[in-house]
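Here is the structure we will look at, set down as structure tokens.
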Amino acid sequence: MQHISDPAPQAAAHRFSVFSASDIYVTSGANLGDGLGEAEELCPGDIYELDIEAVALRLALAQPRSGPAARQQTVADGSEVGTPGDPLMLTSRLTLMAPDGEKVELLMLRHRAAGRSAVAELYVLPLTPIAPRTEYTLLQVEDPPDDLRLADLICLSFCRGTLITLGSGAQMPIESLEPGTRILTRDRGPQPIRWIGRTTLRARGSFAPVVIAKGTLGNVADLIVGQHHRLFLYQRQRIAGMNTSELLVQARHLVDGDRVFLREGGFAEYFSLVFDQHEIIYAEGIPVESLMVNEATVSSFPDEIADDLRTRFPGLSHNQHFGTEATRHQLDALGPDAIYRKTRKR
């Protein structure tokens, strides 16, 4: 009997954590009891929850050889989903709303093992965190963006043109910075940039940037950042329920439709800065975070970039800055007068 060897497994280019679509099921609505399914089966208005026993699975994807970067990919070696070589298709993007009004976006992935009789299985990749014992109302089902590259999801920090304060006190557009450029940090003075990430995405949904209008937080010009990028806010007095007076606030939590708003349409070019440690730096004159390096973020990059970062940052031991992560509820309790810079009357 002739032995035919299997093709060598492809190394993983990207790794993500996903849930089985059945782990997110309807607790109230037309599809009561059903898990997430294909787009045509879903009913906006249904309320979903993540099963409390759901376990996130590691999905490893191979670098696509040609064609769209995300819509059609194959499973790579080391994946807990499928076997190496199986096709995996990005089928839809879902928008849900949490009880506090925050929107959550999920990408639906369809996996089918080799063989005509194989049954397709669906998986969910959350673009924003999702928690059990929380009700999420399905708002919208749409096709995924054709230009989305899964490995770019972590690079959504500063938009092109953002002025970053150098160690000398001068400012420079972020696209002109290079590794080794010394940047002013709040806690450790001038520090060299170790790595710069860059990506361009269509400015829709979770990828639409947040615009913080000039002067809103003391910024000298409009500051445009990714929705999950965190800004540093200092309160003169420690707030009840918060460990420190220093707050790290996701830009999306500041959106009020007036002073801070989403800018959808066209494309957004994003840049991320990495230092030896997780730093607070200055963008358009106000303090914001750098990209925090740990296994969760690095594992989303292509292998050659991930390997480089692991070499530069042994152990991936970045610890989050000591500032307290503030939720939207805590910010609402503070009120706008405690957050936004007051405009002086002339």
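Ligands are numbered from 1 in the order shown, chains are lettered A, B, ... in the order of the structure tokens, and residues start at 1 in each chain.
Taking the backbone of this structure through DSSP, the residues of range 16-59 of chain A that come out as strand (DSSP E or B) are Phe16, Ser17, Val18, Phe19, Ser20, Ile24, Tyr25, Val26, Thr27, Ser28, Gly35, Ile47, Tyr48, Glu49, Leu50, Leu57, Arg58 and Leu59 of chain A.
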Same residues, N, CA and C atoms, saved as a PDB file, in the first residue's frame:
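Full text of selection.pdb as output:
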ATOM      1  N   PHE A  16      -6.640  33.964  17.335  1.00  0.00           N
ATOM      2  CA  PHE A  16      -7.713  34.707  17.975  1.00  0.00           C
ATOM      3  C   PHE A  16      -8.453  33.789  18.941  1.00  0.00           C
ATOM      4  N   SER A  17      -9.218  34.395  19.831  1.00  0.00           N
ATOM      5  CA  SER A  17     -10.099  33.647  20.719  1.00  0.00           C
ATOM      6  C   SER A  17     -11.525  33.786  20.207  1.00  0.00           C
ATOM      7  N   VAL A  18     -12.195  32.657  20.013  1.00  0.00           N
ATOM      8  CA  VAL A  18     -13.560  32.661  19.484  1.00  0.00           C
ATOM      9  C   VAL A  18     -14.449  31.793  20.373  1.00  0.00           C
ATOM     10  N   PHE A  19     -15.745  31.970  20.210  1.00  0.00           N
ATOM     11  CA  PHE A  19     -16.732  31.123  20.872  1.00  0.00           C
ATOM     12  C   PHE A  19     -17.514  30.364  19.804  1.00  0.00           C
ATOM     13  N   SER A  20     -17.996  29.185  20.163  1.00  0.00           N
ATOM     14  CA  SER A  20     -18.949  28.502  19.304  1.00  0.00           C
ATOM     15  C   SER A  20     -20.203  29.356  19.231  1.00  0.00           C
ATOM     16  N   ILE A  24     -23.817  31.493  22.328  1.00  0.00           N
ATOM     17  CA  ILE A  24     -24.514  32.770  22.463  1.00  0.00           C
ATOM     18  C   ILE A  24     -25.935  32.546  21.950  1.00  0.00           C
ATOM     19  N   TYR A  25     -26.882  32.472  22.864  1.00  0.00           N
ATOM     20  CA  TYR A  25     -28.221  31.984  22.520  1.00  0.00           C
ATOM     21  C   TYR A  25     -29.307  32.978  22.923  1.00  0.00           C
ATOM     22  N   VAL A  26     -30.487  32.815  22.294  1.00  0.00           N
ATOM     23  CA  VAL A  26     -31.606  33.726  22.504  1.00  0.00           C
ATOM     24  C   VAL A  26     -32.318  33.391  23.814  1.00  0.00           C
ATOM     25  N   THR A  27     -32.453  34.386  24.683  1.00  0.00           N
ATOM     26  CA  THR A  27     -33.197  34.215  25.941  1.00  0.00           C
ATOM     27  C   THR A  27     -34.573  34.856  25.870  1.00  0.00           C
ATOM     28  N   SER A  28     -34.795  35.688  24.855  1.00  0.00           N
ATOM     29  CA  SER A  28     -36.105  36.300  24.664  1.00  0.00           C
ATOM     30  C   SER A  28     -36.225  36.749  23.215  1.00  0.00           C
ATOM     31  N   GLY A  35     -29.072  29.249  19.257  1.00  0.00           N
ATOM     32  CA  GLY A  35     -27.812  29.967  19.241  1.00  0.00           C
ATOM     33  C   GLY A  35     -27.713  30.838  18.007  1.00  0.00           C
ATOM     34  N   ILE A  47     -32.999  38.873  22.009  1.00  0.00           N
ATOM     35  CA  ILE A  47     -32.051  39.146  23.092  1.00  0.00           C
ATOM     36  C   ILE A  47     -31.193  37.911  23.336  1.00  0.00           C
ATOM     37  N   TYR A  48     -29.892  38.098  23.367  1.00  0.00           N
ATOM     38  CA  TYR A  48     -28.932  37.005  23.494  1.00  0.00           C
ATOM     39  C   TYR A  48     -28.143  37.109  24.798  1.00  0.00           C
ATOM     40  N   GLU A  49     -27.659  35.954  25.248  1.00  0.00           N
ATOM     41  CA  GLU A  49     -26.726  35.901  26.372  1.00  0.00           C
ATOM     42  C   GLU A  49     -25.615  34.920  26.036  1.00  0.00           C
ATOM     43  N   LEU A  50     -24.442  35.145  26.616  1.00  0.00           N
ATOM     44  CA  LEU A  50     -23.324  34.212  26.509  1.00  0.00           C
ATOM     45  C   LEU A  50     -23.467  33.172  27.604  1.00  0.00           C
ATOM     46  N   LEU A  57     -12.182  29.395  22.491  1.00  0.00           N
ATOM     47  CA  LEU A  57     -11.319  28.478  21.760  1.00  0.00           C
ATOM     48  C   LEU A  57     -10.257  29.253  20.986  1.00  0.00           C
ATOM     49  N   ARG A  58      -9.082  28.664  20.868  1.00  0.00           N
ATOM     50  CA  ARG A  58      -8.016  29.290  20.094  1.00  0.00           C
ATOM     51  C   ARG A  58      -8.205  28.966  18.620  1.00  0.00           C
ATOM     52  N   LEU A  59      -8.283  30.003  17.803  1.00  0.00           N
ATOM     53  CA  LEU A  59      -8.392  29.842  16.357  1.00  0.00           C
ATOM     54  C   LEU A  59      -7.091  30.321  15.729  1.00  0.00           C
TER      55      LEU A  59
END
Handout entry: Polymer residues at most 12 Å from Ile280 in chain A, only C-alpha atoms, same-chain spacing of 2 or more positions, as JSON, numbers by chain
Key = {"A": [164, 165, 183, 184, 185, 186, 187, 188, 189, 190, 191, 229, 230, 231, 232, 233, 246, 247, 248, 273, 274, 275, 277, 278, 282, 283, 285, 286, 287, 288, 289, 290, 291, 292, 320, 321, 322, 323]}
Practice task
Name the residues in contact with Thr181 in chain A at a cut-off of 8 Å, using only C-alpha atoms, excluding same-chain residues fewer than 5 positions from it; report them as number ranges by chain.
Solution key: A: 166, 191-193
Practice task
Extract the full set of helix (DSSP H, G or I) residues from range 117-210 of chain A according to DSSP on the backbone, and format it as JSON, numbers by chain.
Solution key: {"A": [150, 151, 152, 153, 154, 155, 174, 175, 176, 205, 206, 207]}
Problem - Near-range 159-161 of chain A list (12 Å; only C-alpha atoms; drop same-chain fewer than 6 positions) as a ChimeraX atom specification - result: /A:171-177,197-201,203,207-212,221-227,229,263,267-273,283-284
Write a file of the selected residues as a compact mmCIF listing (two decimals), in the first residue's frame, keeping N, CA and C atoms.
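Result written to out-v4.txt:
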# COMPACT_ATOMS: atom_id res chain seq x y z
N GLN A 171 6.66 68.74 18.94
CA GLN A 171 5.63 67.80 18.50
C GLN A 171 5.91 67.36 17.07
N MET A 172 5.53 66.11 16.76
CA MET A 172 5.77 65.55 15.44
C MET A 172 4.58 64.69 15.04
N PRO A 173 4.14 64.76 13.76
CA PRO A 173 3.04 63.88 13.32
C PRO A 173 3.43 62.42 13.51
N ILE A 174 2.48 61.62 13.91
CA ILE A 174 2.79 60.23 14.25
C ILE A 174 3.35 59.46 13.06
N GLU A 175 2.93 59.80 11.83
CA GLU A 175 3.42 59.06 10.66
C GLU A 175 4.89 59.37 10.37
N SER A 176 5.45 60.41 11.00
CA SER A 176 6.86 60.76 10.79
C SER A 176 7.78 60.14 11.84
N LEU A 177 7.21 59.51 12.86
CA LEU A 177 8.03 58.90 13.92
C LEU A 177 8.69 57.63 13.42
N GLY A 197 3.13 50.13 14.86
CA GLY A 197 2.16 49.38 14.08
C GLY A 197 1.36 50.32 13.21
N ARG A 198 0.90 49.84 12.05
CA ARG A 198 0.18 50.70 11.11
C ARG A 198 -0.83 49.87 10.34
N THR A 199 -2.04 50.39 10.16
CA THR A 199 -3.05 49.71 9.36
C THR A 199 -4.03 50.72 8.82
N THR A 200 -4.69 50.39 7.71
CA THR A 200 -5.73 51.24 7.13
C THR A 200 -7.00 50.41 6.98
N LEU A 201 -8.12 50.92 7.49
CA LEU A 201 -9.39 50.20 7.46
C LEU A 201 -10.50 51.13 7.05
N ALA A 203 -13.69 53.07 7.59
CA ALA A 203 -14.16 53.67 8.84
C ALA A 203 -15.65 53.42 9.04
N PHE A 207 -14.61 50.17 13.53
CA PHE A 207 -13.39 50.71 12.96
C PHE A 207 -13.50 52.21 12.67
N ALA A 208 -14.67 52.80 12.93
CA ALA A 208 -14.81 54.25 12.76
C ALA A 208 -14.10 54.95 13.91
N PRO A 209 -13.29 55.96 13.63
CA PRO A 209 -12.55 56.63 14.70
C PRO A 209 -13.43 57.56 15.54
N VAL A 210 -12.96 57.84 16.74
CA VAL A 210 -13.59 58.79 17.63
C VAL A 210 -12.88 60.13 17.48
N VAL A 211 -13.64 61.19 17.26
CA VAL A 211 -13.08 62.54 17.16
C VAL A 211 -13.39 63.29 18.45
N ILE A 212 -12.33 63.71 19.13
CA ILE A 212 -12.45 64.52 20.34
C ILE A 212 -12.13 65.95 19.94
N ALA A 221 -5.77 70.48 19.43
CA ALA A 221 -6.43 70.29 18.14
C ALA A 221 -7.32 69.07 18.25
N ASP A 222 -8.14 68.80 17.23
CA ASP A 222 -8.96 67.59 17.26
C ASP A 222 -8.05 66.38 17.45
N LEU A 223 -8.42 65.50 18.37
CA LEU A 223 -7.70 64.25 18.58
C LEU A 223 -8.56 63.12 18.03
N ILE A 224 -8.00 62.33 17.11
CA ILE A 224 -8.76 61.28 16.45
C ILE A 224 -8.10 59.94 16.74
N VAL A 225 -8.84 59.05 17.43
CA VAL A 225 -8.28 57.78 17.89
C VAL A 225 -9.27 56.65 17.65
N GLY A 226 -8.79 55.39 17.81
CA GLY A 226 -9.67 54.23 17.74
C GLY A 226 -10.60 54.20 18.94
N GLN A 227 -11.73 53.53 18.77
CA GLN A 227 -12.77 53.55 19.81
C GLN A 227 -12.32 52.95 21.13
N HIS A 229 -9.13 52.87 22.21
CA HIS A 229 -7.91 53.47 22.73
C HIS A 229 -8.26 54.28 23.98
N ARG A 263 -16.68 59.30 13.57
CA ARG A 263 -16.59 59.77 12.20
C ARG A 263 -16.59 58.56 11.27
N PHE A 267 -11.90 55.99 4.78
CA PHE A 267 -10.92 55.10 5.39
C PHE A 267 -10.21 55.82 6.53
N ALA A 268 -9.75 55.05 7.49
CA ALA A 268 -8.97 55.58 8.60
C ALA A 268 -7.62 54.87 8.64
N GLU A 269 -6.54 55.64 8.70
CA GLU A 269 -5.21 55.07 8.82
C GLU A 269 -4.76 55.20 10.27
N TYR A 270 -4.54 54.05 10.91
CA TYR A 270 -4.22 54.02 12.33
C TYR A 270 -2.75 53.66 12.56
N PHE A 271 -2.21 54.19 13.66
CA PHE A 271 -0.85 53.89 14.09
C PHE A 271 -0.86 53.53 15.57
N SER A 272 0.02 52.59 15.96
CA SER A 272 0.20 52.24 17.37
C SER A 272 1.67 52.36 17.73
N LEU A 273 1.96 52.79 18.96
CA LEU A 273 3.33 52.95 19.44
C LEU A 273 3.58 52.00 20.60
N ALA A 283 -0.63 63.15 23.15
CA ALA A 283 -1.11 63.30 21.78
C ALA A 283 -1.98 64.54 21.72
N GLU A 284 -1.66 65.44 20.83
CA GLU A 284 -2.34 66.74 20.76
C GLU A 284 -2.35 67.41 22.13
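If only C-alpha atoms are the atoms counted, then among A:Val55, A:Leu156, A:Val141, A:Ser168 the closest residue to Arg202 in chain A is A:Leu156.
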Exercise for the section: Determine, counting only C-alpha atoms, which protein, DNA and RNA residues have an atom within 12 Å of an atom of Ala131 in chain A; residues of the same chain fewer than 3 positions away are not included. Present the result as a PyMOL selection string. Expected result: chain A and resi 19+23-24+48-56+98-99+104+126+128+134-136
Output the selection as an mmCIF file, in the first residue's frame - N, CA, C and O atoms for each residue.
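The resulting file, result.cif, is shown below:
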data_model
loop_
_atom_site.group_PDB
_atom_site.id
_atom_site.type_symbol
_atom_site.label_atom_id
_atom_site.label_comp_id
_atom_site.auth_asym_id
_atom_site.auth_seq_id
_atom_site.Cartn_x
_atom_site.Cartn_y
_atom_site.Cartn_z
ATOM 1 N N PHE A 19 -15.745 31.970 20.210
ATOM 2 C CA PHE A 19 -16.732 31.123 20.872
ATOM 3 C C PHE A 19 -17.514 30.364 19.804
ATOM 4 O O PHE A 19 -17.671 30.842 18.676
ATOM 5 N N ASP A 23 -22.884 29.017 21.787
ATOM 6 C CA ASP A 23 -22.660 29.514 23.144
ATOM 7 C C ASP A 23 -23.365 30.837 23.402
ATOM 8 O O ASP A 23 -23.490 31.269 24.544
ATOM 9 N N ILE A 24 -23.817 31.493 22.328
ATOM 10 C CA ILE A 24 -24.514 32.770 22.463
ATOM 11 C C ILE A 24 -25.935 32.546 21.950
ATOM 12 O O ILE A 24 -26.164 32.380 20.748
ATOM 13 N N TYR A 48 -29.892 38.098 23.367
ATOM 14 C CA TYR A 48 -28.932 37.005 23.494
ATOM 15 C C TYR A 48 -28.143 37.109 24.798
ATOM 16 O O TYR A 48 -27.956 38.201 25.352
ATOM 17 N N GLU A 49 -27.659 35.954 25.248
ATOM 18 C CA GLU A 49 -26.726 35.901 26.372
ATOM 19 C C GLU A 49 -25.615 34.920 26.036
ATOM 20 O O GLU A 49 -25.817 33.960 25.263
ATOM 21 N N LEU A 50 -24.442 35.145 26.616
ATOM 22 C CA LEU A 50 -23.324 34.212 26.509
ATOM 23 C C LEU A 50 -23.467 33.172 27.604
ATOM 24 O O LEU A 50 -23.607 33.515 28.786
ATOM 25 N N ASP A 51 -23.449 31.898 27.242
ATOM 26 C CA ASP A 51 -23.573 30.809 28.211
ATOM 27 C C ASP A 51 -22.483 30.941 29.272
ATOM 28 O O ASP A 51 -21.318 31.185 28.957
ATOM 29 N N ILE A 52 -22.861 30.800 30.555
ATOM 30 C CA ILE A 52 -21.900 30.968 31.646
ATOM 31 C C ILE A 52 -20.823 29.888 31.621
ATOM 32 O O ILE A 52 -19.757 30.050 32.221
ATOM 33 N N GLU A 53 -21.075 28.773 30.927
ATOM 34 C CA GLU A 53 -20.084 27.708 30.839
ATOM 35 C C GLU A 53 -19.311 27.747 29.514
ATOM 36 O O GLU A 53 -18.518 26.850 29.222
ATOM 37 N N ALA A 54 -19.516 28.802 28.742
ATOM 38 C CA ALA A 54 -18.831 28.905 27.451
ATOM 39 C C ALA A 54 -17.320 29.025 27.662
ATOM 40 O O ALA A 54 -16.858 29.718 28.573
ATOM 41 N N VAL A 55 -16.574 28.337 26.816
ATOM 42 C CA VAL A 55 -15.108 28.365 26.877
ATOM 43 C C VAL A 55 -14.583 28.916 25.556
ATOM 44 O O VAL A 55 -14.948 28.427 24.479
ATOM 45 N N ALA A 56 -13.746 29.928 25.638
ATOM 46 C CA ALA A 56 -13.159 30.495 24.424
ATOM 47 C C ALA A 56 -12.177 29.498 23.808
ATOM 48 O O ALA A 56 -11.441 28.816 24.520
ATOM 49 N N ALA A 98 -25.814 46.322 24.589
ATOM 50 C CA ALA A 98 -25.833 45.895 25.979
ATOM 51 C C ALA A 98 -26.856 46.728 26.752
ATOM 52 O O ALA A 98 -27.331 47.758 26.257
ATOM 53 N N PRO A 99 -27.203 46.316 27.971
ATOM 54 C CA PRO A 99 -28.204 47.051 28.747
ATOM 55 C C PRO A 99 -27.841 48.510 29.005
ATOM 56 O O PRO A 99 -28.722 49.354 29.177
ATOM 57 N N VAL A 104 -21.984 46.293 20.880
ATOM 58 C CA VAL A 104 -21.025 45.200 20.811
ATOM 59 C C VAL A 104 -21.053 44.654 19.389
ATOM 60 O O VAL A 104 -22.128 44.432 18.826
ATOM 61 N N PRO A 126 -15.597 38.082 18.951
ATOM 62 C CA PRO A 126 -16.035 39.382 19.472
ATOM 63 C C PRO A 126 -15.011 40.466 19.155
ATOM 64 O O PRO A 126 -13.818 40.296 19.401
ATOM 65 N N THR A 128 -15.585 43.469 20.495
ATOM 66 C CA THR A 128 -15.624 44.130 21.790
ATOM 67 C C THR A 128 -15.973 43.076 22.824
ATOM 68 O O THR A 128 -16.624 42.075 22.511
ATOM 69 N N THR A 134 -25.370 38.736 30.889
ATOM 70 C CA THR A 134 -25.656 40.066 30.356
ATOM 71 C C THR A 134 -26.503 39.907 29.104
ATOM 72 O O THR A 134 -26.208 39.076 28.250
ATOM 73 N N GLU A 135 -27.579 40.677 29.004
ATOM 74 C CA GLU A 135 -28.474 40.592 27.864
ATOM 75 C C GLU A 135 -28.015 41.534 26.753
ATOM 76 O O GLU A 135 -27.765 42.720 26.995
ATOM 77 N N TYR A 136 -27.918 40.990 25.541
ATOM 78 C CA TYR A 136 -27.515 41.770 24.373
ATOM 79 C C TYR A 136 -28.616 41.708 23.328
ATOM 80 O O TYR A 136 -28.999 40.616 22.891
#
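Pairwise distance (CA of Val255 in chain A, CA of Leu217 in chain A) equals 12.5 Å.
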Practice task
Write out as a list in words the residues lying within 7 Å of Pro144 in chain A, counting only C-alpha atoms and excluding same-chain residues fewer than 2 positions away.
Solution key: Thr91, Ser92, Arg93, Glu142 and Asp146 of chain A
Residues from the last selection, N, CA and C atoms, saved as a short mmCIF file (atom, residue, chain, number, x, y, z; two decimals), in the first residue's frame:
data_model
loop_
_atom_site.label_atom_id
_atom_site.label_comp_id
_atom_site.auth_asym_id
_atom_site.auth_seq_id
_atom_site.Cartn_x
_atom_site.Cartn_y
_atom_site.Cartn_z
N THR A 91 -18.44 35.52 7.39
CA THR A 91 -19.74 35.59 6.73
C THR A 91 -20.56 36.83 7.05
N SER A 92 -20.46 37.36 8.25
CA SER A 92 -21.30 38.51 8.58
C SER A 92 -20.74 39.24 9.79
N ARG A 93 -21.23 40.46 9.97
CA ARG A 93 -20.90 41.24 11.16
C ARG A 93 -22.18 41.60 11.87
N GLU A 142 -25.10 42.48 8.97
CA GLU A 142 -24.63 43.01 7.69
C GLU A 142 -23.44 42.21 7.20
N ASP A 146 -14.98 43.97 3.16
CA ASP A 146 -14.08 43.18 2.31
C ASP A 146 -12.62 43.44 2.63
#
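Candidate residues A:Asp86, A:Glu38, A:Glu178, A:Asp100 were compared for distance to Arg112 in chain A, and the nearest is A:Asp86, using only C-alpha atoms.
Across the model, the gap from CA of Ala60 in chain A to CA of Asp77 in chain A is 6.8 Å.
Computed from the coordinates, the CA of Phe158 in chain A to CA of Thr95 in chain A distance equals 23.8 Å.
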Handout entry: Contacts of Leu94 in chain A within 8 Å, only C-alpha atoms, excl. fewer than 6 positions in-chain, as number ranges by chain
Key = A: 105-108, 138-142
